[in-house]
Each structure stands twice: as C-alpha cells, then as structure tokens.
>>> print(open('start.tsv').read())   # TSV, C-alpha atoms
chain	number	residue	atom	x	y	z
A	1	MET	CA	1.61	-22.69	7.31
A	2	ALA	CA	2.74	-19.13	7.52
A	3	ASP	CA	3.37	-17.89	11.10
A	4	LEU	CA	1.09	-15.42	12.86
A	5	ASP	CA	3.16	-12.25	12.35
A	6	GLU	CA	3.55	-13.05	8.71
A	7	LEU	CA	-0.18	-13.68	8.38
A	8	GLU	CA	-0.86	-10.20	9.73
A	9	ILE	CA	1.50	-8.67	7.17
A	10	ILE	CA	-0.07	-10.77	4.42
A	11	LYS	CA	-3.53	-9.52	5.46
A	12	SER	CA	-2.35	-5.92	5.24
A	13	ALA	CA	-0.79	-6.59	1.85
A	14	GLN	CA	-4.03	-8.16	0.67
A	15	GLN	CA	-5.82	-4.98	1.70
A	16	GLY	CA	-3.55	-3.01	-0.63
A	17	ASP	CA	-0.77	-1.93	1.74
A	18	GLN	CA	2.26	-1.64	-0.52
A	19	ASP	CA	4.72	-1.30	2.36
A	20	ALA	CA	3.43	-4.52	3.90
A	21	PHE	CA	3.96	-6.33	0.62
A	22	ALA	CA	7.42	-4.81	0.26
A	23	LYS	CA	8.33	-5.97	3.76
A	24	LEU	CA	7.01	-9.44	3.01
A	25	PHE	CA	8.87	-9.65	-0.26
A	26	GLN	CA	12.08	-8.39	1.30
A	27	THR	CA	11.89	-11.12	3.94
A	28	HIS	CA	11.67	-13.81	1.29
A	29	TYR	CA	13.95	-12.18	-1.27
A	30	SER	CA	17.06	-14.17	-0.43
A	31	PHE	CA	15.25	-17.52	-0.51
A	32	LEU	CA	13.54	-16.68	-3.80
A	33	TYR	CA	16.68	-15.32	-5.45
A	34	LYS	CA	18.76	-18.35	-4.51
A	35	TYR	CA	16.09	-20.69	-5.82
A	36	VAL	CA	15.72	-18.81	-9.09
A	37	LEU	CA	19.49	-18.58	-9.58
A	38	LYS	CA	19.87	-22.34	-9.19
A	39	MET	CA	17.02	-22.95	-11.59
A	40	THR	CA	18.16	-20.53	-14.29
A	41	LEU	CA	21.94	-20.64	-13.67
A	42	ASN	CA	22.05	-17.13	-15.07
A	43	GLN	CA	22.36	-14.04	-12.92
A	44	GLN	CA	20.62	-11.60	-15.26
A	45	THR	CA	17.72	-13.97	-15.94
A	46	ALA	CA	17.43	-14.64	-12.21
A	47	GLU	CA	17.24	-10.92	-11.35
A	48	ASP	CA	14.62	-10.27	-14.03
A	49	LEU	CA	12.62	-13.30	-12.97
A	50	VAL	CA	12.65	-12.27	-9.31
A	51	GLN	CA	11.31	-8.86	-10.30
A	52	ASP	CA	8.59	-10.38	-12.49
A	53	THR	CA	7.69	-12.70	-9.61
A	54	MET	CA	7.40	-9.75	-7.27
A	55	LEU	CA	5.03	-7.90	-9.60
A	56	LYS	CA	2.94	-10.97	-10.32
A	57	GLY	CA	2.86	-11.73	-6.60
A	58	TYR	CA	1.66	-8.21	-5.88
A	59	ASP	CA	-1.07	-8.44	-8.52
A	60	ASN	CA	-2.27	-11.79	-7.17
A	61	ILE	CA	-1.69	-11.39	-3.43
A	62	LYS	CA	-5.44	-11.60	-2.80
A	63	LYS	CA	-5.42	-15.14	-4.19
A	64	TYR	CA	-2.95	-16.33	-1.54
A	65	ASN	CA	-4.94	-18.40	0.94
A	66	GLY	CA	-2.28	-19.35	3.47
A	67	GLN	CA	-2.50	-23.09	2.78
A	68	SER	CA	1.15	-23.20	1.82
A	69	LYS	CA	4.11	-21.16	3.05
A	70	PHE	CA	4.41	-17.73	1.45
A	71	SER	CA	7.87	-18.68	0.18
A	72	THR	CA	6.39	-21.76	-1.51
A	73	TRP	CA	3.75	-19.56	-3.13
A	74	LEU	CA	6.47	-17.23	-4.44
A	75	ILE	CA	8.59	-20.01	-5.88
A	76	THR	CA	5.47	-21.48	-7.51
A	77	ILE	CA	4.97	-18.16	-9.34
A	78	ALA	CA	8.66	-17.99	-10.25
A	79	THR	CA	8.70	-21.58	-11.55
A	80	ARG	CA	5.62	-21.06	-13.72
A	81	LEU	CA	6.91	-17.75	-15.07
A	82	TYR	CA	10.27	-19.29	-15.93
A	83	LEU	CA	8.79	-22.33	-17.63
A	84	ASP	CA	6.43	-20.07	-19.64
A	85	GLN	CA	9.37	-17.93	-20.73
A	86	GLN	CA	11.32	-21.02	-21.73
A	87	ARG	CA	8.38	-22.35	-23.75
A	88	ARG	CA	8.19	-19.05	-25.62
A	89	LYS	CA	11.93	-19.01	-26.20
A	90	LYS	CA	11.89	-22.57	-27.51
A	91	ARG	CA	10.27	-21.23	-30.65
A	92	GLU	CA	13.37	-19.17	-31.22
A	93	TRP	CA	15.62	-22.08	-32.06
A	94	PHE	CA	18.74	-19.95	-32.34
A	95	TRP	CA	18.44	-18.75	-28.75
A	96	GLU	CA	17.85	-22.30	-27.61
A	97	LYS	CA	20.96	-23.49	-29.45
A	98	ASN	CA	23.19	-20.94	-27.76
A	99	GLU	CA	21.49	-21.05	-24.39
A	100	SER	CA	23.31	-24.05	-22.99
A	101	VAL	CA	26.67	-22.57	-23.91
A	102	GLU	CA	26.04	-19.09	-22.53
A	103	LEU	CA	23.76	-19.99	-19.66
A	104	SER	CA	26.16	-20.49	-16.83
A	105	ARG	CA	29.40	-19.16	-18.26
A	106	SER	CA	29.40	-15.83	-16.44
A	107	LEU	CA	28.10	-17.35	-13.23
A	108	ASN	CA	30.71	-20.08	-13.48
A	109	TRP	CA	33.44	-17.45	-13.68
A	110	GLN	CA	32.08	-15.49	-10.76
A	111	LEU	CA	31.79	-18.50	-8.49
A	112	ALA	CA	35.15	-19.89	-9.57
A	113	TYR	CA	36.63	-16.58	-8.44
A	114	LYS	CA	35.22	-17.24	-4.96
A	115	GLY	CA	36.67	-20.74	-4.92
A	116	PHE	CA	33.63	-22.72	-6.02
A	117	GLU	CA	34.60	-25.65	-8.12
A	118	TRP	CA	31.97	-26.06	-10.84
A	119	SER	CA	31.51	-29.75	-10.17
A	120	ASP	CA	30.58	-32.40	-12.71
A	121	VAL	CA	27.17	-32.49	-11.04
A	122	MET	CA	26.60	-28.82	-11.81
A	123	GLU	CA	27.93	-29.27	-15.33
A	124	GLY	CA	25.53	-32.13	-15.94
A	125	PHE	CA	22.70	-30.24	-14.27
A	126	GLU	CA	23.03	-27.20	-16.54
A	127	LYS	CA	22.76	-29.45	-19.60
A	128	LEU	CA	19.32	-30.66	-18.53
A	129	LYS	CA	16.14	-29.08	-19.88
A	130	SER	CA	14.71	-26.28	-17.77
A	131	GLU	CA	11.59	-28.24	-16.74
A	132	VAL	CA	13.72	-31.21	-15.66
A	133	ARG	CA	16.12	-28.96	-13.77
A	134	ALA	CA	13.27	-27.33	-11.88
A	135	ALA	CA	11.74	-30.70	-10.94
A	136	ILE	CA	15.05	-32.15	-9.68
A	137	LEU	CA	15.84	-29.00	-7.73
A	138	LEU	CA	12.44	-28.88	-6.05
A	139	LYS	CA	12.51	-32.58	-5.23
A	140	TYR	CA	16.03	-33.17	-3.95
A	141	TYR	CA	17.16	-29.82	-2.66
A	142	TYR	CA	13.92	-28.32	-1.38
A	143	GLY	CA	12.27	-31.62	-0.46
A	144	TYR	CA	8.85	-31.06	-2.03
A	145	THR	CA	6.69	-34.07	-2.82
A	146	ASN	CA	5.88	-35.05	-6.40
A	147	GLU	CA	2.32	-33.85	-5.85
A	148	GLU	CA	3.49	-30.42	-4.69
A	149	ILE	CA	5.94	-30.15	-7.58
A	150	GLY	CA	3.16	-31.11	-9.98
A	151	TYR	CA	1.02	-28.29	-8.62
A	152	MET	CA	3.92	-25.83	-8.81
A	153	MET	CA	4.75	-26.70	-12.40
A	154	GLY	CA	1.18	-27.19	-13.54
A	155	ILE	CA	1.71	-30.83	-14.53
A	156	ARG	CA	0.57	-34.26	-13.31
A	157	GLU	CA	2.30	-36.16	-10.51
A	158	GLY	CA	3.22	-38.97	-12.89
A	159	THR	CA	4.88	-36.52	-15.25
A	160	VAL	CA	6.94	-35.13	-12.38
A	161	LYS	CA	8.05	-38.64	-11.44
A	162	SER	CA	9.11	-39.49	-14.97
A	163	ARG	CA	10.87	-36.14	-15.45
A	164	ILE	CA	12.91	-36.65	-12.30
A	165	HIS	CA	13.66	-40.26	-13.17
A	166	ASN	CA	14.75	-39.44	-16.72
A	167	GLY	CA	16.65	-36.36	-15.56
A	168	MET	CA	18.64	-38.35	-13.03
A	169	LYS	CA	19.33	-41.00	-15.65
A	170	GLU	CA	20.59	-38.34	-18.03
A	171	LEU	CA	22.71	-36.79	-15.28
A	172	ARG	CA	24.28	-40.15	-14.44
A	173	LYS	CA	24.98	-40.78	-18.12
A	174	GLU	CA	26.60	-37.38	-18.42
A	175	LEU	CA	28.81	-38.03	-15.40
A	176	MET	CA	29.82	-41.46	-16.72
A	177	GLN	CA	30.88	-39.88	-20.00
A	178	ASP	CA	32.87	-37.18	-18.23
A	179	GLY	CA	34.42	-39.60	-15.76
B	1	MET	CA	25.52	-40.46	-8.43
B	2	ASP	CA	22.99	-39.90	-5.71
B	3	LYS	CA	20.91	-37.03	-4.41
B	4	GLU	CA	23.45	-36.21	-1.66
B	5	GLU	CA	25.91	-35.11	-4.32
B	6	ILE	CA	23.34	-32.76	-5.83
B	7	VAL	CA	22.40	-31.39	-2.42
B	8	SER	CA	26.01	-30.78	-1.44
B	9	ALA	CA	26.81	-29.03	-4.75
B	10	PHE	CA	23.77	-26.77	-4.33
B	11	LYS	CA	24.56	-26.07	-0.68
B	12	GLN	CA	28.01	-24.89	-1.66
B	13	PHE	CA	26.49	-22.88	-4.50
B	14	ASP	CA	24.05	-21.20	-2.09
B	15	GLU	CA	26.74	-20.36	0.42
B	16	LEU	CA	28.78	-18.55	-2.20
B	17	THR	CA	25.87	-16.68	-3.73
B	18	ASN	CA	25.79	-13.01	-2.82
B	19	VAL	CA	22.30	-11.66	-2.33
B	20	HIS	CA	21.74	-7.91	-2.47
B	21	GLU	CA	18.40	-7.45	-0.77
B	22	PRO	CA	16.51	-4.46	-2.14
B	23	SER	CA	15.28	-1.83	0.31
B	24	ILE	CA	11.58	-1.52	1.11
B	25	SER	CA	11.47	1.87	-0.62
B	26	ALA	CA	13.02	0.38	-3.78
B	27	ILE	CA	10.37	-2.35	-3.80
B	28	THR	CA	7.47	0.08	-3.26
B	29	GLU	CA	8.92	2.32	-5.99
B	30	LYS	CA	8.87	-0.60	-8.44
B	31	ILE	CA	5.33	-1.51	-7.41
B	32	LYS	CA	4.16	2.09	-7.93
B	33	TYR	CA	5.78	2.21	-11.35
B	34	HIS	CA	4.18	-1.11	-12.25
B	35	GLN	CA	0.77	0.17	-11.10
B	36	GLU	CA	1.13	3.31	-13.23
B	37	LYS	CA	2.15	1.27	-16.25
B	38	LYS	CA	-0.86	-0.99	-15.78
B	39	LYS	CA	-3.15	2.02	-15.46
B	40	THR	CA	-1.78	3.56	-18.68
B	41	ILE	CA	-2.24	0.30	-20.58
B	42	PHE	CA	-5.78	-0.05	-19.23
B	43	LEU	CA	-6.69	3.50	-20.32
B	44	LYS	CA	-5.33	2.89	-23.79
B	45	GLU	CA	-7.26	-0.35	-24.09
B	46	LEU	CA	-10.39	1.48	-22.93
B	47	ILE	CA	-9.94	4.17	-25.58
B	48	VAL	CA	-9.50	1.51	-28.27
B	49	PHE	CA	-12.65	-0.25	-27.06
B	50	ILE	CA	-14.66	3.01	-27.09
B	51	CYS	CA	-13.37	3.84	-30.60
B	52	VAL	CA	-14.47	0.47	-31.96
B	53	ALA	CA	-17.86	0.69	-30.22
B	54	CYS	CA	-18.44	4.23	-31.55
B	55	SER	CA	-17.43	3.13	-35.04
B	56	LEU	CA	-19.97	0.32	-35.01
B	57	PHE	CA	-22.70	2.51	-33.54
B	58	ILE	CA	-22.23	5.45	-35.93
B	59	GLY	CA	-21.85	3.10	-38.88
B	60	ALA	CA	-25.16	1.42	-38.02
B	61	LEU	CA	-26.81	4.82	-37.46
B	62	LEU	CA	-25.64	6.16	-40.82
B	63	MET	CA	-26.89	3.06	-42.56
B	64	VAL	CA	-30.29	3.38	-40.87
B	65	LEU	CA	-30.44	7.03	-41.98
B	66	GLU	CA	-29.57	5.84	-45.50
B	67	ALA	CA	-26.43	7.96	-45.72
B	68	PRO	CA	-24.24	7.47	-48.82
B	69	VAL	CA	-22.00	4.40	-48.58
B	70	SER	CA	-18.87	6.54	-49.07
B	71	ILE	CA	-19.58	8.46	-45.82
B	72	VAL	CA	-20.07	5.21	-43.92
B	73	ILE	CA	-16.78	3.91	-45.30
B	74	ILE	CA	-14.91	7.13	-44.40
B	75	GLN	CA	-16.17	7.16	-40.81
B	76	GLY	CA	-15.47	3.44	-40.51
B	77	LEU	CA	-11.90	3.89	-41.71
B	78	GLY	CA	-11.44	6.85	-39.38
B	79	PHE	CA	-12.45	4.87	-36.33
B	80	ILE	CA	-10.40	1.87	-37.41
B	81	ALA	CA	-7.33	4.07	-37.94
B	82	LEU	CA	-7.47	5.46	-34.40
B	83	PRO	CA	-7.06	2.13	-32.57
B	84	ILE	CA	-4.21	1.22	-34.93
B	85	ILE	CA	-2.44	4.48	-34.06
B	86	PHE	CA	-3.00	3.81	-30.36
B	87	LYS	CA	-1.72	0.25	-30.64
B	88	ARG	CA	1.40	1.49	-32.44
B	89	ASP	CA	1.98	3.98	-29.65
B	90	LYS	CA	1.49	1.25	-27.07
B	91	LYS	CA	4.10	-0.95	-28.75
B	92	LYS	CA	6.48	2.00	-28.91
B	93	ILE	CA	6.00	2.74	-25.19
B	94	GLU	CA	6.49	-0.93	-24.29
B	95	SER	CA	9.65	-1.27	-26.36
B	96	GLU	CA	11.04	1.89	-24.77
B	97	LEU	CA	10.31	0.46	-21.33
B	98	ILE	CA	12.07	-2.81	-22.18
>>> encode(input="start.tsv", output="structure tokens")
Amino acid sequence: MADLDELEIIKSAQQGDQDAFAKLFQTHYSFLYKYVLKMTLNQQTAEDLVQDTMLKGYDNIKKYNGQSKFSTWLITIATRLYLDQQRRKKREWFWEKNESVELSRSLNWQLAYKGFEWSDVMEGFEKLKSEVRAAILLKYYYGYTNEEIGYMMGIREGTVKSRIHNGMKELRKELMQDG
Amino acid sequence: MDKEEIVSAFKQFDELTNVHEPSISAITEKIKYHQEKKKTIFLKELIVFICVACSLFIGALLMVLEAPVSIVIIQGLGFIALPIIFKRDKKKIESELI
C-alpha cells in the first residue's frame, strides 16, 4: 500500500497536476532506473524505457487504484513496455543476432572501471531471453510472488514458474560450462 | 548456483550504478511536450476522419443527384489524396522526432 503522503500526491496527479506527477516520478526514479537497467543491461535502452514508462504512467495515472505500491505499478508498466519492444524486435532477426553481443558491452566496461567484476552469474544472466531475465529478476531480487510476476508480465502463474525454473537451469548449465 | 549468488551480484551492480535524477522541471517539460505531440496527432487524425467522412457524403450526394461518374471519381480521389498527404506528413514529423 502506498503511504498517506504519497496517496495525496497521487490524487493530485490523477486530477491532472503535472507537478505532482513529476514529484512522484522523481521519488521513484532511482528504483525504476535500477530495475530497468538490470533487466535490459543496456544504459541507452534503460534511459529510453524509463522515459517511455514515465509518459505511459502519466497517461494512465487515473487507472492506478492504490492496491499495489506505486513503484510496483511503475515497474509493471516498464516490464510490459520492454517485453513488447522485444517482441517487435524479434521480427528483426539481425538485431536479435547482435543483441546478445552488444547488449552489455558498454555497461560492462563502465562498471569494470568502477571495480565491478562482471561475474559469471551476470554473464550467464545476460545470455538469457528477456522474458526469462525479467521473471528471475522480479522473483529473486525483488521478491515478488509468481502470481504478481504473472500479472506484471501478462502471463499465467504456471508460465512464470516454468520460465524461472528453465532460466535457472540454463544459468546453471552456463556456469558449469564456464567453470 | 543459488539465488543468493544472483542477489549478491545484483546488489553490487545496484551499488555501483550512478543514477542522475531528473529535476521536476525537466519532467514537467517532457510531459508538456508529450501532451502537445499527442494533441497534434489527435488533430491530424481528426482531419483525416473528417476528410473521409466528407468524401463519402459528397460522393453519395453526387450519385443521388445523378452527377456524371467522372465528377464523382474526381472528388473521391481528391478526398482520398488529402488523408494520404496528411499521413505522409505525420510519418515525416514522427521520424524527425525520433
């Protein structure tokens, strides 16, 4: 549940107050950006996706009913937008072929500069399909239930379960090969 | 490999990620721009809709008045050409924005 102060700001935003929405979005920006960056593993894609999420959030703010946290609502929009984009891009096979190579290269360099060792886990994770990556991230790092993840990704609970199971299997296999 | 390894890799990843929070004015600016863009697109769509409706109406009217077929065809083509021109402009505007 969103707290009382936040609910007041949300109400103002729902009445069309742009500043209220901006304040709300700014509060959750860091959380959203970090989530999107982990999901996409690409800085440029993450920035674009955060902006698209903001605009979609603004257009649909009246639909937010306060049943979930506002941050959860935002990452639901971001997840759906990203998966839609990926589905569209899948048709462009050339992009898909090069995606895994280019996806995290620049980010890898930037983080390596700061002393982050791109672990085998991260290497295996970036090789997974986007929908599997999102499910694993939401389940293990953010602690959402399969039901919640299913709602966020627009799929059934059983599909979430099998995606996570197969994703983890693939990740383990990848690590065994590397090790 | 267990979930703790994933969590610890992501925690480290998060800690090293720099986040440049945008200012409230920058966010409202983007929202305003988005609103204007939406308004422009809506107006263009409306014009296309009116063009097509007028084309159908005048075409039907000319046929009722037993006007020569060539006139009906010319007006029909005229009204069909307008939406195409508008759509082309819309694509141009969108590609420029991208």
>>> closest_atom_pairs(input="start.tsv", of="chain A", to="chain B", cutoff="9 Å", atoms="all atoms listed in the file", output="CSV")
residue,atom,partner,partner_atom,distance
A:Gln18,CA,B:Thr28,CA,6.1
A:Asp19,CA,B:Thr28,CA,6.4
A:Phe21,CA,B:Thr28,CA,8.3
A:Ala22,CA,B:Ile24,CA,5.4
A:Lys23,CA,B:Ile24,CA,6.1
A:Phe25,CA,B:Ile27,CA,8.3
A:Gln26,CA,B:Glu21,CA,6.7
A:Thr27,CA,B:Glu21,CA,8.8
A:Tyr29,CA,B:Glu21,CA,6.5
A:Ser30,CA,B:Val19,CA,6.1
A:Tyr33,CA,B:Val19,CA,7.4
A:Lys34,CA,B:Asp14,CA,6.5
A:Tyr35,CA,B:Asp14,CA,8.8
A:Leu37,CA,B:Thr17,CA,8.9
A:Lys38,CA,B:Phe10,CA,7.6
A:Gln51,CA,B:Lys30,CA,8.8
A:Met54,CA,B:Ile31,CA,8.5
A:Leu55,CA,B:Ile31,CA,6.8
A:Tyr58,CA,B:Ile31,CA,7.8
A:Leu111,CA,B:Leu16,CA,7.0
A:Lys114,CA,B:Leu16,CA,7.1
A:Gly115,CA,B:Leu16,CA,8.6
A:Phe116,CA,B:Phe13,CA,7.3
A:Trp118,CA,B:Ala9,CA,8.5
A:Ser119,CA,B:Ala9,CA,7.2
A:Val121,CA,B:Ile6,CA,6.5
A:Met122,CA,B:Ala9,CA,7.1
A:Phe125,CA,B:Ile6,CA,8.8
A:Leu137,CA,B:Ile6,CA,8.6
A:Tyr140,CA,B:Lys3,CA,6.2
A:Tyr141,CA,B:Val7,CA,5.5
A:Met168,CA,B:Met1,CA,8.5
A:Leu171,CA,B:Met1,CA,8.3
A:Arg172,CA,B:Met1,CA,6.1
A:Leu175,CA,B:Met1,CA,8.1
>>> atom_distance(input="start.tsv", atom1="CA of Gln67 in chain A", atom2="CA of Glu148 in chain A")
12.1 Å
>>> atom_distance(input="start.tsv", atom1="CA of Gly154 in chain A", atom2="CA of Lys11 in chain A")
26.4 Å
>>> atom_distance(input="start.tsv", atom1="CA of Val160 in chain A", atom2="CA of Ala135 in chain A")
6.7 Å
>>> closest_residue(input="start.tsv", among="B:Leu46, B:Ile80, B:Ile85, B:Ile41", to="Gly59 in chain B", atoms="all atoms listed in the file")
B:Ile80
>>> residues_around(input="start.tsv", residues="Leu56 in chain B", least_positions_apart="3", cutoff="12 Å", atoms="all atoms listed in the file", output="number ranges by chain")
B: 49-53, 59-63, 72-73, 75-80
